[in-house]
Every structure is written in C-alpha cells, then in structure tokens.
>>> print(open('input.csv').read())   # CSV, C-alpha atoms and all ligand atoms
chain,number,residue,atom,x,y,z
A,1,MET,CA,0.0,0.0,0.0
A,2,ASN,CA,1.3,3.5,-0.8
A,3,LYS,CA,0.6,6.3,1.7
A,4,LYS,CA,-2.3,5.2,3.9
A,5,ALA,CA,-5.3,7.5,3.5
A,6,LEU,CA,-5.9,9.8,6.4
A,7,ILE,CA,-9.5,11.1,6.8
A,8,LEU,CA,-10.8,13.9,9.0
A,9,GLY,CA,-14.4,13.3,10.0
A,10,ILE,CA,-16.7,16.0,11.2
A,11,GLU,CA,-20.3,15.6,12.7
A,12,THR,CA,-22.6,18.5,13.8
A,13,SER,CA,-26.1,17.3,12.7
A,14,CYS,CA,-27.8,17.6,16.1
A,15,ASP,CA,-26.4,18.2,19.6
A,16,GLU,CA,-23.0,16.6,19.4
A,17,THR,CA,-19.9,18.5,18.1
A,18,ALA,CA,-17.6,15.7,17.0
A,19,ALA,CA,-14.3,15.2,15.0
A,20,ALA,CA,-12.3,12.1,14.4
A,21,ILE,CA,-9.1,11.0,12.5
A,22,LEU,CA,-9.2,7.7,10.7
A,23,GLU,CA,-6.3,6.1,8.9
A,24,GLU,CA,-6.5,3.4,6.3
A,25,SER,CA,-5.0,0.1,7.3
A,26,ALA,CA,-3.7,-3.0,5.6
A,27,GLU,CA,-5.5,-4.9,8.4
A,28,SER,CA,-9.2,-5.7,8.2
A,29,VAL,CA,-10.3,-2.6,10.0
A,30,PRO,CA,-9.0,1.0,9.8
A,31,ASN,CA,-7.1,2.7,12.5
A,32,LEU,CA,-9.1,5.1,14.6
A,33,LEU,CA,-6.5,7.6,15.8
A,34,SER,CA,-8.9,9.9,17.6
A,35,ASN,CA,-12.6,10.3,18.2
A,36,ILE,CA,-13.7,13.4,20.1
A,37,VAL,CA,-17.3,13.9,21.0
A,38,SER,CA,-18.5,17.0,22.8
A,39,SER,CA,-22.1,16.7,24.0
A,40,GLN,CA,-24.4,19.7,24.6
A,41,GLU,CA,-26.5,18.0,27.2
A,42,GLU,CA,-25.9,20.8,29.8
A,43,ILE,CA,-27.2,23.4,27.3
A,44,HIS,CA,-30.4,21.7,26.4
A,45,LYS,CA,-31.4,19.9,29.6
A,46,LYS,CA,-33.3,22.9,31.1
A,47,PHE,CA,-35.5,23.0,28.0
A,48,GLY,CA,-36.2,19.2,28.0
A,49,GLY,CA,-35.1,18.9,24.4
A,50,VAL,CA,-32.6,20.1,21.8
A,51,VAL,CA,-33.1,23.9,20.9
A,52,PRO,CA,-31.7,24.2,17.3
A,53,GLU,CA,-30.5,27.8,17.6
A,54,LEU,CA,-28.6,27.1,20.8
A,55,ALA,CA,-27.2,23.9,19.3
A,56,ALA,CA,-25.9,25.7,16.3
A,57,ARG,CA,-24.3,28.5,18.4
A,58,SER,CA,-22.5,25.9,20.5
A,59,HIS,CA,-21.2,24.1,17.3
A,60,ILE,CA,-19.9,27.4,16.1
A,61,ASP,CA,-18.2,28.0,19.5
A,62,LYS,CA,-16.6,24.6,19.6
A,63,ILE,CA,-15.9,23.3,16.2
A,64,ASP,CA,-12.3,24.7,16.0
A,65,LEU,CA,-11.4,23.4,19.4
A,66,ILE,CA,-12.9,19.9,18.7
A,67,VAL,CA,-11.2,19.5,15.3
A,68,ASN,CA,-7.9,20.6,16.9
A,69,ARG,CA,-8.2,18.2,19.7
A,70,ALA,CA,-8.9,15.3,17.3
A,71,LEU,CA,-5.8,16.3,15.4
A,72,LYS,CA,-3.6,16.6,18.5
A,73,LYS,CA,-4.8,13.3,19.9
A,74,SER,CA,-4.1,11.6,16.5
A,75,GLY,CA,-0.5,12.8,16.5
A,76,ARG,CA,-1.0,14.0,12.9
A,77,LYS,CA,-0.9,17.4,11.3
A,78,LEU,CA,-3.6,19.1,9.3
A,79,LYS,CA,-1.3,19.0,6.2
A,80,ASP,CA,-1.3,15.1,6.4
A,81,ILE,CA,-5.1,14.9,6.0
A,82,ASP,CA,-6.1,13.4,2.6
A,83,ALA,CA,-9.8,14.3,2.7
A,84,ILE,CA,-12.5,15.9,4.9
A,85,ALA,CA,-15.6,13.9,5.4
A,86,VAL,CA,-18.6,15.8,6.9
A,87,THR,CA,-22.2,15.1,7.7
A,88,GLY,CA,-24.5,16.8,5.1
A,89,GLY,CA,-27.8,15.5,6.5
A,90,PRO,CA,-30.3,14.4,7.7
A,91,GLY,CA,-30.4,16.7,10.7
A,92,LEU,CA,-31.1,20.2,11.9
A,93,ILE,CA,-30.2,22.6,9.0
A,94,VAL,CA,-28.7,25.2,11.3
A,95,CYS,CA,-26.5,22.6,12.9
A,96,LEU,CA,-25.5,20.8,9.7
A,97,SER,CA,-24.5,24.1,8.1
A,98,VAL,CA,-21.9,24.8,10.8
A,99,GLY,CA,-20.0,21.5,10.1
A,100,LEU,CA,-20.5,21.7,6.4
A,101,ASN,CA,-19.2,25.2,6.0
A,102,PHE,CA,-16.2,24.5,8.3
A,103,ALA,CA,-15.4,21.4,6.2
A,104,LYS,CA,-15.7,23.3,2.9
A,105,ALA,CA,-13.4,26.1,4.1
A,106,LEU,CA,-10.9,23.5,5.2
A,107,ALA,CA,-11.1,21.6,2.0
A,108,MET,CA,-10.6,24.7,0.0
A,109,THR,CA,-7.7,25.9,2.1
A,110,LEU,CA,-5.9,22.6,2.1
A,111,LYS,CA,-6.9,21.8,-1.5
A,112,LYS,CA,-8.1,18.4,-0.4
A,113,PRO,CA,-11.3,16.6,-1.4
A,114,LEU,CA,-14.6,17.2,0.4
A,115,ILE,CA,-16.8,14.2,1.0
A,116,VAL,CA,-20.3,14.9,2.2
A,117,VAL,CA,-21.7,12.0,4.1
A,118,ASN,CA,-25.2,10.9,5.0
A,119,HIS,CA,-25.4,10.7,8.8
A,120,LEU,CA,-27.5,7.5,8.6
A,121,GLU,CA,-24.9,5.9,6.4
A,122,GLY,CA,-22.4,6.7,9.2
A,123,HIS,CA,-24.5,4.7,11.6
A,124,ALA,CA,-24.9,2.0,9.0
A,125,LEU,CA,-21.2,1.6,8.6
A,126,SER,CA,-20.2,2.2,12.2
A,127,PRO,CA,-19.5,-1.5,12.9
A,128,LYS,CA,-16.8,-1.4,10.1
A,129,LEU,CA,-14.7,0.6,12.5
A,130,VAL,CA,-14.2,-2.6,14.6
A,131,THR,CA,-15.4,-5.6,12.5
A,132,ASN,CA,-14.6,-6.9,9.0
A,133,LEU,CA,-18.1,-6.7,7.6
A,134,SER,CA,-19.0,-7.4,3.9
A,135,TYR,CA,-22.0,-6.3,1.9
A,136,PRO,CA,-24.8,-7.0,1.7
A,137,TYR,CA,-26.3,-6.9,5.2
A,138,LEU,CA,-29.5,-6.2,7.0
A,139,LEU,CA,-29.5,-3.0,9.1
A,140,LEU,CA,-31.8,-2.0,11.9
A,141,LEU,CA,-31.2,1.7,12.5
A,142,ILE,CA,-32.8,2.9,15.7
A,143,SER,CA,-31.9,6.4,16.8
A,144,GLY,CA,-33.5,9.6,18.0
A,145,GLY,CA,-34.8,10.6,14.6
A,146,HIS,CA,-35.1,7.3,12.7
A,147,SER,CA,-36.3,3.7,13.0
A,148,GLN,CA,-35.8,1.7,9.8
A,149,TYR,CA,-35.0,-1.8,8.5
A,150,LEU,CA,-32.7,-1.5,5.4
A,151,ALA,CA,-31.0,-3.9,3.1
A,152,VAL,CA,-27.5,-2.4,2.7
A,153,LYS,CA,-26.5,-3.7,-0.7
A,154,ASN,CA,-23.3,-1.7,-1.1
A,155,LEU,CA,-21.8,1.6,-0.2
A,156,GLY,CA,-24.6,4.2,-1.0
A,157,LYS,CA,-27.0,1.4,-2.1
A,158,TYR,CA,-29.9,0.9,0.2
A,159,LYS,CA,-33.3,-0.7,0.0
A,160,ARG,CA,-35.7,0.3,2.8
A,161,LEU,CA,-37.7,-2.7,4.0
A,162,GLY,CA,-39.6,-0.9,6.8
A,163,THR,CA,-39.8,2.4,8.6
A,164,THR,CA,-41.7,4.0,11.5
A,165,ILE,CA,-44.9,5.5,10.3
A,166,ASP,CA,-44.9,8.0,13.2
A,167,ASP,CA,-42.3,8.4,16.0
A,168,ALA,CA,-38.8,7.2,16.1
A,169,LEU,CA,-37.9,4.7,18.7
A,170,GLY,CA,-35.4,7.0,20.5
A,171,GLU,CA,-38.1,9.6,20.6
A,172,ALA,CA,-40.5,7.1,22.3
A,173,PHE,CA,-37.7,6.4,24.9
A,174,ASP,CA,-37.1,10.1,25.5
A,175,LYS,CA,-40.8,11.0,25.8
A,176,THR,CA,-41.5,8.1,28.2
A,177,ALA,CA,-38.5,9.2,30.3
A,178,LYS,CA,-39.9,12.7,30.4
A,179,LEU,CA,-43.3,11.5,31.6
A,180,LEU,CA,-41.6,9.4,34.3
A,181,GLY,CA,-39.7,12.5,35.4
A,182,ILE,CA,-36.3,11.3,34.4
A,183,LYS,CA,-34.1,14.2,33.5
A,184,PHE,CA,-33.2,14.9,29.9
A,185,PRO,CA,-31.8,13.1,27.9
A,186,GLY,CA,-33.8,10.3,29.7
A,187,GLY,CA,-33.9,7.6,27.0
A,188,PRO,CA,-30.6,5.9,28.1
A,189,PHE,CA,-31.8,5.7,31.7
A,190,ILE,CA,-35.2,3.9,31.1
A,191,GLU,CA,-33.5,0.5,31.1
A,192,LYS,CA,-31.8,1.1,34.5
A,193,PHE,CA,-35.1,2.5,35.9
A,194,ALA,CA,-37.0,-0.5,34.5
A,195,ALA,CA,-34.7,-2.9,36.3
A,196,GLN,CA,-36.6,-2.3,39.6
A,197,GLY,CA,-40.0,-2.7,38.0
A,198,ASN,CA,-42.5,-5.4,37.2
A,199,LYS,CA,-42.6,-5.7,33.4
A,200,ASP,CA,-46.0,-7.5,33.4
A,201,ARG,CA,-47.8,-4.8,35.4
A,202,PHE,CA,-49.1,-2.8,32.5
A,203,ASP,CA,-50.4,-4.2,29.2
A,204,LEU,CA,-49.3,-1.7,26.6
A,205,PRO,CA,-50.3,-1.6,22.9
A,206,LYS,CA,-48.1,-2.8,20.1
A,207,PRO,CA,-49.3,-0.8,17.2
A,208,ILE,CA,-49.4,-2.5,13.7
A,209,ILE,CA,-47.8,-5.6,15.2
A,210,ASN,CA,-49.8,-7.9,13.0
A,211,LYS,CA,-49.8,-5.8,9.8
A,212,GLY,CA,-47.6,-3.5,7.7
A,213,GLY,CA,-44.7,-5.9,7.2
A,214,CYS,CA,-41.7,-4.7,9.1
A,215,ASN,CA,-42.9,-1.1,9.4
A,216,LEU,CA,-43.0,0.2,12.9
A,217,SER,CA,-45.3,2.5,14.9
A,218,PHE,CA,-44.8,3.9,18.4
A,219,ALA,CA,-47.3,6.8,18.7
A,220,GLY,CA,-50.1,4.6,20.2
A,221,LEU,CA,-47.6,3.2,22.7
A,222,LYS,CA,-46.5,6.7,23.7
A,223,THR,CA,-50.1,7.8,24.2
A,224,ALA,CA,-50.8,4.8,26.4
A,225,VAL,CA,-47.8,5.6,28.5
A,226,LEU,CA,-49.0,9.2,28.8
A,227,THR,CA,-52.5,8.1,29.9
A,228,ILE,CA,-51.1,5.7,32.5
A,229,SER,CA,-48.5,8.2,33.8
A,230,LYS,CA,-51.4,10.5,34.8
A,231,SER,CA,-52.7,8.0,37.3
A,232,ILE,CA,-49.3,7.1,38.7
A,233,LYS,CA,-49.1,7.3,42.5
A,234,ASN,CA,-45.7,6.3,43.6
A,235,ASN,CA,-42.2,5.5,42.5
A,236,GLN,CA,-42.9,1.8,42.2
A,237,ASP,CA,-45.6,2.6,39.7
A,238,LYS,CA,-43.0,4.5,37.7
A,239,HIS,CA,-40.6,1.6,37.7
A,240,ASP,CA,-43.4,-0.8,36.6
A,241,LEU,CA,-44.4,1.5,33.8
A,242,ALA,CA,-40.7,1.8,32.6
A,243,ALA,CA,-40.3,-2.0,32.8
A,244,SER,CA,-43.6,-2.6,30.9
A,245,PHE,CA,-42.5,-0.1,28.2
A,246,GLN,CA,-39.1,-1.7,27.8
A,247,LYS,CA,-40.6,-5.1,27.5
A,248,THR,CA,-43.2,-4.0,24.9
A,249,ILE,CA,-40.4,-2.4,22.8
A,250,GLU,CA,-38.4,-5.7,23.0
A,251,GLU,CA,-41.4,-7.7,21.8
A,252,ILE,CA,-42.2,-5.3,19.0
A,253,LEU,CA,-38.6,-5.4,17.7
A,254,VAL,CA,-38.3,-9.2,17.9
A,255,LYS,CA,-41.5,-9.7,16.0
A,256,LYS,CA,-40.7,-7.1,13.3
A,257,THR,CA,-37.1,-8.3,13.0
A,258,LYS,CA,-38.3,-11.8,12.1
A,259,ILE,CA,-40.3,-10.3,9.3
A,260,ALA,CA,-37.3,-8.2,8.1
A,261,PHE,CA,-35.2,-11.4,8.1
A,262,ASP,CA,-37.6,-13.0,5.7
A,263,GLN,CA,-37.7,-10.0,3.5
A,264,PHE,CA,-33.9,-9.7,3.4
A,265,LYS,CA,-33.4,-13.3,2.6
A,266,LYS,CA,-35.8,-13.0,-0.4
A,267,ILE,CA,-33.8,-10.1,-2.0
A,268,SER,CA,-30.2,-11.0,-1.0
A,269,GLN,CA,-28.2,-14.0,-2.0
A,270,THR,CA,-25.5,-14.2,0.6
A,271,LYS,CA,-24.1,-17.0,2.6
A,272,ASN,CA,-23.5,-14.8,5.7
A,273,ASN,CA,-26.7,-13.2,6.9
A,274,PHE,CA,-25.2,-10.3,8.8
A,275,PHE,CA,-27.6,-8.2,10.9
A,276,VAL,CA,-26.3,-4.8,12.0
A,277,ILE,CA,-28.1,-3.0,14.8
A,278,ALA,CA,-27.0,0.6,14.9
A,279,GLY,CA,-28.0,4.1,16.2
A,280,GLY,CA,-28.3,5.5,19.8
A,281,VAL,CA,-31.0,3.0,20.9
A,282,ALA,CA,-28.6,0.1,19.9
A,283,ALA,CA,-26.9,1.0,23.2
A,284,ASN,CA,-29.8,-0.6,25.1
A,285,ASN,CA,-28.5,-3.8,26.6
A,286,LYS,CA,-31.8,-5.6,26.9
A,287,ILE,CA,-32.7,-4.8,23.2
A,288,ARG,CA,-29.2,-6.0,22.3
A,289,GLY,CA,-29.8,-9.3,24.2
A,290,LYS,CA,-33.2,-10.0,22.6
A,291,LEU,CA,-32.0,-9.2,19.1
A,292,GLU,CA,-28.9,-11.3,19.5
A,293,LYS,CA,-31.1,-14.2,20.6
A,294,VAL,CA,-33.6,-14.0,17.7
A,295,SER,CA,-30.7,-13.6,15.3
A,296,PHE,CA,-29.0,-16.8,16.3
A,297,GLU,CA,-32.4,-18.6,16.3
A,298,GLU,CA,-33.0,-17.4,12.7
A,299,ASN,CA,-29.5,-18.0,11.4
A,300,PHE,CA,-28.4,-14.4,11.3
A,301,ILE,CA,-25.1,-13.1,12.7
A,302,PRO,CA,-25.9,-10.1,14.9
A,303,ILE,CA,-23.4,-7.2,14.8
A,304,PHE,CA,-23.5,-4.2,17.2
A,305,PRO,CA,-21.2,-1.3,17.2
A,306,PRO,CA,-19.4,-0.9,20.5
A,307,LEU,CA,-21.3,1.2,23.0
A,308,ASN,CA,-19.2,4.4,22.4
A,309,LEU,CA,-19.9,4.2,18.7
A,310,CYS,CA,-23.7,3.8,19.0
A,311,GLY,CA,-24.5,7.4,19.6
A,312,ASP,CA,-23.5,10.2,17.3
A,313,ASN,CA,-19.8,10.5,16.6
A,314,ALA,CA,-17.5,11.6,13.8
A,315,ALA,CA,-15.6,8.2,13.6
A,316,MET,CA,-18.5,6.8,11.7
A,317,ILE,CA,-18.6,9.8,9.3
A,318,ALA,CA,-14.8,9.3,8.7
A,319,MET,CA,-15.5,5.6,8.0
A,320,VAL,CA,-17.9,6.4,5.2
A,321,GLY,CA,-15.5,9.1,4.1
A,322,LEU,CA,-12.7,6.5,3.8
A,323,GLU,CA,-14.8,4.1,1.7
A,324,LYS,CA,-15.8,6.9,-0.6
A,325,PHE,CA,-12.3,8.2,-0.8
A,326,LYS,CA,-11.0,4.9,-2.0
A,327,LEU,CA,-13.7,5.0,-4.8
A,328,LYS,CA,-12.9,8.7,-5.4
A,329,GLN,CA,-16.5,9.7,-4.7
A,330,PHE,CA,-15.9,13.3,-3.9
A,331,SER,CA,-18.4,16.1,-3.4
A,332,LYS,CA,-18.6,19.5,-5.0
A,333,LEU,CA,-17.7,22.5,-2.8
A,334,ASP,CA,-21.2,23.9,-3.3
A,335,THR,CA,-23.0,20.8,-2.0
A,336,PRO,CA,-25.9,22.1,0.2
A,337,ALA,CA,-27.0,20.6,3.5
A,338,ASN,CA,-29.8,18.2,3.1
A,339,PRO,CA,-31.9,18.0,6.3
A,340,ARG,CA,-34.2,15.3,4.9
A,341,TRP,CA,-31.6,13.2,3.1
A,342,GLN,CA,-32.9,9.6,2.8
A,343,LEU,CA,-30.8,6.5,2.4
A,344,ASP,CA,-33.2,4.9,0.0
A,345,LYS,CA,-34.3,7.7,-2.3
A,346,SER,CA,-37.0,5.5,-4.0
A,347,ALA,CA,-38.7,4.8,-0.6
A,348,VAL,CA,-42.1,6.4,-0.3
A,349,PHE,CA,-43.0,8.8,2.5
A,350,LEU,CA,-44.9,6.8,5.1
A,351,LYS,CA,-46.0,9.2,7.8
A,352,GLY,CA,-49.2,10.8,8.9
A,353,ALA,CA,-52.9,10.1,8.6
A,354,GLY,CA,-54.1,8.0,5.7
A,355,VAL,CA,-50.9,5.9,5.4
A,356,LYS,CA,-51.7,2.6,3.6
A,357,LEU,CA,-49.7,-0.3,4.9
B,401,LIG,O1,-28.0,8.0,17.2
B,401,LIG,P1,-28.3,9.0,18.2
B,401,LIG,O2,-27.2,9.3,19.2
B,401,LIG,O3,-28.7,10.4,17.6
B,401,LIG,C1,-29.6,10.4,16.5
B,401,LIG,O4,-29.1,10.4,15.4
B,401,LIG,O5,-30.8,10.5,16.8
B,401,LIG,O6,-29.5,8.5,19.1
B,401,LIG,C2,-30.0,9.2,20.2
B,401,LIG,C3,-31.2,8.4,20.7
B,401,LIG,C4,-31.9,9.2,21.8
B,401,LIG,O7,-33.3,9.2,21.6
B,401,LIG,C5,-31.6,8.4,23.1
B,401,LIG,O8,-32.6,8.5,24.0
B,401,LIG,C6,-31.5,7.0,22.5
B,401,LIG,O9,-30.8,7.2,21.3
B,401,LIG,N1,-30.7,6.1,23.4
B,401,LIG,C7,-31.2,5.1,24.1
B,401,LIG,C8,-30.2,4.5,24.8
B,401,LIG,N2,-29.1,5.2,24.6
B,401,LIG,C9,-29.4,6.2,23.7
B,401,LIG,N3,-32.5,4.6,24.0
B,401,LIG,C10,-32.7,3.5,24.8
B,401,LIG,N4,-31.8,2.9,25.6
B,401,LIG,C11,-30.5,3.3,25.6
B,401,LIG,N5,-29.6,2.7,26.4
B,402,ZN,ZN,-27.5,9.6,14.9
>>> encode(input="input.csv", output="structure tokens", more="lines below")
Ligand code: KG4
Ligand code: ZN
Amino acid sequence: MNKKALILGIETSCDETAAAILEESAESVPNLLSNIVSSQEEIHKKFGGVVPELAARSHIDKIDLIVNRALKKSGRKLKDIDAIAVTGGPGLIVCLSVGLNFAKALAMTLKKPLIVVNHLEGHALSPKLVTNLSYPYLLLLISGGHSQYLAVKNLGKYKRLGTTIDDALGEAFDKTAKLLGIKFPGGPFIEKFAAQGNKDRFDLPKPIINKGGCNLSFAGLKTAVLTISKSIKNNQDKHDLAASFQKTIEEILVKKTKIAFDQFKKISQTKNNFFVIAGGVAANNKIRGKLEKVSFEENFIPIFPPLNLCGDNAAMIAMVGLEKFKLKQFSKLDTPANPRWQLDKSAVFLKGAGVKL
C-alpha cells in the first residue's frame, strides 16, 4: 500500500460536536487515531429537548477546538489529511451548516477533497470501525430521529424494508422518560429505571404488530404511557411503567425483526446473513440481548457497534469518508446541507394520517 489515506471526519447534525481522525490500514479494520465527541447535554437539559438555535451556536463556538483536539490526539498534522468527510444530512439545518461550512473552508484551504456523508450511512457503517463486515447486510437503524430496517446492498445502495410511520424509537424512549420525570436526555436511563419494576404490570399496545410488514409505529404506545402516567401514585408505579414499556419495545422489535429477516433473505443472496443494529438505541442492553437471541435462532449473525460508537460521533462519518475516498467519490464544494436526506431515495414517504400499509 502507498501512503495510507488519512481522513478527518466532522459531525454536527444535532447536539454533538464531533471530530475524528481515521487512517486506512492493511488490516481488516482501519485505525481510529482519535474520536472526540462534545455533548451539549448541559445546554439543552433545562429545555427538556434540543433547541436548534442554541445547538448551532454551540457548534460554532466549539468546532475549531474539537477538530484541533482530534488532530492533536491523533498525533498527525492538518497537512497530512487526505480528505475531509462531513455530515451533510439528515439533521437540523442550522447545525449541519456549521460543520459543512467549516469542512468546505478547510477543503478549499488545504486543496483536499470534500466528502459529504449521510449521517445515517455513518450509523450503518459504524461496525466497520471494529469488524470486518462485507456487503450485503441487513440493518436496523434505531436512533432519536429514525427507525428503519434497510438492506445495505453496497456503499450508497440501500433498500428500505420498513420504517416507522410516526415516532422514532429513540423519541419514544425520550418521551417516556420525560413522563416518568427522568431528567433529559432520559432515554438511556429507562433501562436502568426499568430494572426495579414489574414488566408485566401494564399491558401496553403494540401498534401495527400484525400488519404493515416490518414497518413500525410507536405513537399509540406513547399515548398509552401518557395516559397511565397521569394515574401514577408512587415510585414503584413509575418503575413498573418503565419496565412494561421496555418489555413492549423488545417484543415489537423481535417480531418485526423476524419479518425483516424473511424479506432480506428474499432479496439478498449471501451465505453470511449479517444483521447490524446501529444508532443510539442500539446501546440498550436488553434490546441487544433480545435481538442477539432472535438472530441466532433465525441463522443471522448479529453485529452491534461498541457502545461508544452507537451514539452520534465523527468516527462513523470518517468511516464512510474512507470508503468513498477509495472510490474517489468526492463532493462538490457547493453541495448544500440536506436536512431530509434519505438512504433509499426511492422509498415512499410513510408518515401521517391515511398511510396505507
Ligand atoms: O443516534 P443518536 O445518538 O442520535 C440520533 O441520530 O438521533 O440516538 C439518540 C437516541 C436518543 O433518543 C436516546 O434516548 C437514545 O438514542 N438512546 C437510548 C439508549 N441510549 C441512547 N435509548 C434506549 N436505551 C439506551 N440505552
Ligand atoms: Zn445519529
């Protein structure tokens, strides 16, 4: 191998300012030299959710510092970078613009290629930072803004098999946490909270469980949690509700995953049926356990990114950047941010009243 490609990754699509340096390697996985993530939790917690304007301001304040920290930790110099990979969407436009403009300026100054990356493709490829994973594979992407089953046919080639028709799973976790009085961002704490509860106490709905293929729906479940939360009297009730919610989600995902397995097998000829579970909610240990079990039962090989790479980070953006760099898939310097960038461009919009499943 000649000079090993060195990629700077930048991520600012929501409330994490992140930068990473990734180096190509002759080994099966590339060398992650640094991966810096600065969370804005403190800024948004008093509002109970992400405030776009404040998020964008914070990205502007920190982006220089975070990129410099990533460089310093990697032991490499700016002049050694071969390409700049940056999230171009989906996400909050004011936030995306900060990273994108920073990356464009850097690319122009250094005279190095710009690679605009889909944030969801970052999650999709995140296990490649630690595992030798070949295409095609089935992906369940469960994050704060998205919940989808996708067949990943190749780099940039996706077929959506199912999606949420209303809320994203991470959103359902966050809203449930809020109703239970768990401080923002509460989603990650539901599982811990649920550990002291009785999972069979409340019988919660599983919307579209017996129809709609592997499409998902969480709005009815959220409404049920809201209704029950109003009659909650003590802490034990809260733990029981959290446990019942967690159990219901696990059951929904196991059932829908089996359907996705069947659909994937019909369209993909591969001897290794890899099943990647990525995105923030993939950090949930009980969900990991249940999906691991159903995978082995159904002859799929489950692959989870390590916990520190489940949430938003720039290492995953650099990973996509490296694959695109090798194929010389560079972006124009006037590429706009794309807040609604879909992985499967042919997939129909499936949200709102009147959706036919
Ligand atoms: O992928 P991510 O960091 O950001 C987006 O691209 O949305 O996902 C964030 C989401 C949040 O909704 C958060 O509550 C959820 O992932 N999350 C979890 C856990 N850790 C993060 N949900 C359930 N259990 C967890 N352990
Ligand atoms: Zn994400």
>>> residues_around(input="input.csv", residues="A:Val116", least_positions_apart="2", cutoff="6 Å", atoms="all atoms listed in the file", output="VMD selection string")
chain A and resid 85 to 88
>>> atom_distance(input="input.csv", atom1="atom CA of A:Gly187", atom2="atom CA of A:Val281")
8.2 Å
>>> residues_around(input="input.csv", residues="A:Pro185", least_positions_apart="6", cutoff="12 Å", atoms="only C-alpha atoms", output="list in words")
Asp15, Ser39, Gln40, Glu41, Glu42, Ile43, His44, Lys45, Lys46, Phe47, Gly48, Gly49, Val50, Gly144, Gly170, Glu171, Ala172, Phe173, Asp174, Lys175, Thr176, Ala177, Lys178 and Gly280 of chain A
>>> residues_near_ligand(input="input.csv", ligand="ligand LIG 401 (chain B)", cutoff="10 Å", atoms="all atoms listed in the file", output="PyMOL selection string")
chain A and resi 13-16+90-91+119-120+122-123+141-147+168-177+184-192+246+249+278-288+307-313
>>> closest_residue(input="input.csv", among="A:Phe325, A:Leu33, A:Asp167, A:Ala105", to="A:Gly75", atoms="only C-alpha atoms")
A:Leu33
>>> decode(input="input.csv", residues="stretch 200-217 of chain A", atoms="N, CA, C and O atoms", output="JSON list (two decimals), in the first residue's frame")
[["chain", "number", "residue", "atom", "x", "y", "z"],
["A", 200, "ASP", "N", -44.63, -6.98, 33.78],
["A", 200, "ASP", "CA", -45.97, -7.48, 33.39],
["A", 200, "ASP", "C", -47.10, -6.66, 34.01],
["A", 200, "ASP", "O", -48.26, -7.01, 33.89],
["A", 201, "ARG", "N", -46.74, -5.58, 34.69],
["A", 201, "ARG", "CA", -47.77, -4.80, 35.40],
["A", 201, "ARG", "C", -48.75, -4.12, 34.44],
["A", 201, "ARG", "O", -49.96, -4.17, 34.63],
["A", 202, "PHE", "N", -48.25, -3.49, 33.39],
["A", 202, "PHE", "CA", -49.13, -2.75, 32.46],
["A", 202, "PHE", "C", -49.11, -3.42, 31.09],
["A", 202, "PHE", "O", -48.04, -3.75, 30.58],
["A", 203, "ASP", "N", -50.32, -3.61, 30.53],
["A", 203, "ASP", "CA", -50.43, -4.22, 29.22],
["A", 203, "ASP", "C", -50.47, -3.10, 28.17],
["A", 203, "ASP", "O", -51.51, -2.48, 27.96],
["A", 204, "LEU", "N", -49.35, -2.83, 27.56],
["A", 204, "LEU", "CA", -49.26, -1.69, 26.63],
["A", 204, "LEU", "C", -49.49, -2.14, 25.18],
["A", 204, "LEU", "O", -49.18, -3.28, 24.83],
["A", 205, "PRO", "N", -50.02, -1.23, 24.34],
["A", 205, "PRO", "CA", -50.30, -1.62, 22.95],
["A", 205, "PRO", "C", -49.04, -1.79, 22.10],
["A", 205, "PRO", "O", -48.02, -1.15, 22.37],
["A", 206, "LYS", "N", -49.15, -2.68, 21.11],
["A", 206, "LYS", "CA", -48.07, -2.84, 20.12],
["A", 206, "LYS", "C", -48.66, -2.48, 18.77],
["A", 206, "LYS", "O", -49.14, -3.36, 18.04],
["A", 207, "PRO", "N", -48.64, -1.19, 18.42],
["A", 207, "PRO", "CA", -49.30, -0.76, 17.17],
["A", 207, "PRO", "C", -48.76, -1.49, 15.94],
["A", 207, "PRO", "O", -47.58, -1.82, 15.88],
["A", 208, "ILE", "N", -49.62, -1.76, 15.00],
["A", 208, "ILE", "CA", -49.39, -2.46, 13.72],
["A", 208, "ILE", "C", -48.52, -3.73, 13.86],
["A", 208, "ILE", "O", -47.81, -4.10, 12.94],
["A", 209, "ILE", "N", -48.65, -4.41, 15.00],
["A", 209, "ILE", "CA", -47.79, -5.58, 15.20],
["A", 209, "ILE", "C", -48.13, -6.71, 14.22],
["A", 209, "ILE", "O", -47.26, -7.47, 13.81],
["A", 210, "ASN", "N", -49.42, -6.81, 13.85],
["A", 210, "ASN", "CA", -49.82, -7.90, 12.95],
["A", 210, "ASN", "C", -50.09, -7.44, 11.53],
["A", 210, "ASN", "O", -50.74, -8.15, 10.77],
["A", 211, "LYS", "N", -49.64, -6.25, 11.18],
["A", 211, "LYS", "CA", -49.80, -5.79, 9.79],
["A", 211, "LYS", "C", -48.65, -4.84, 9.43],
["A", 211, "LYS", "O", -47.84, -4.49, 10.28],
["A", 212, "GLY", "N", -48.61, -4.49, 8.15],
["A", 212, "GLY", "CA", -47.61, -3.49, 7.73],
["A", 212, "GLY", "C", -46.20, -4.04, 7.60],
["A", 212, "GLY", "O", -45.24, -3.27, 7.69],
["A", 213, "GLY", "N", -46.05, -5.36, 7.40],
["A", 213, "GLY", "CA", -44.71, -5.94, 7.22],
["A", 213, "GLY", "C", -43.80, -5.56, 8.38],
["A", 213, "GLY", "O", -44.19, -5.68, 9.55],
["A", 214, "CYS", "N", -42.59, -5.10, 8.05],
["A", 214, "CYS", "CA", -41.68, -4.72, 9.14],
["A", 214, "CYS", "C", -41.68, -3.20, 9.36],
["A", 214, "CYS", "O", -40.72, -2.65, 9.91],
["A", 215, "ASN", "N", -42.77, -2.54, 8.95],
["A", 215, "ASN", "CA", -42.92, -1.13, 9.35],
["A", 215, "ASN", "C", -43.20, -1.08, 10.85],
["A", 215, "ASN", "O", -43.66, -2.06, 11.45],
["A", 216, "LEU", "N", -42.91, 0.06, 11.43],
["A", 216, "LEU", "CA", -43.01, 0.21, 12.89],
["A", 216, "LEU", "C", -43.92, 1.39, 13.23],
["A", 216, "LEU", "O", -44.11, 2.30, 12.42],
["A", 217, "SER", "N", -44.47, 1.37, 14.45],
["A", 217, "SER", "CA", -45.28, 2.50, 14.91],
["A", 217, "SER", "C", -45.18, 2.56, 16.44],
["A", 217, "SER", "O", -45.32, 1.54, 17.11]]
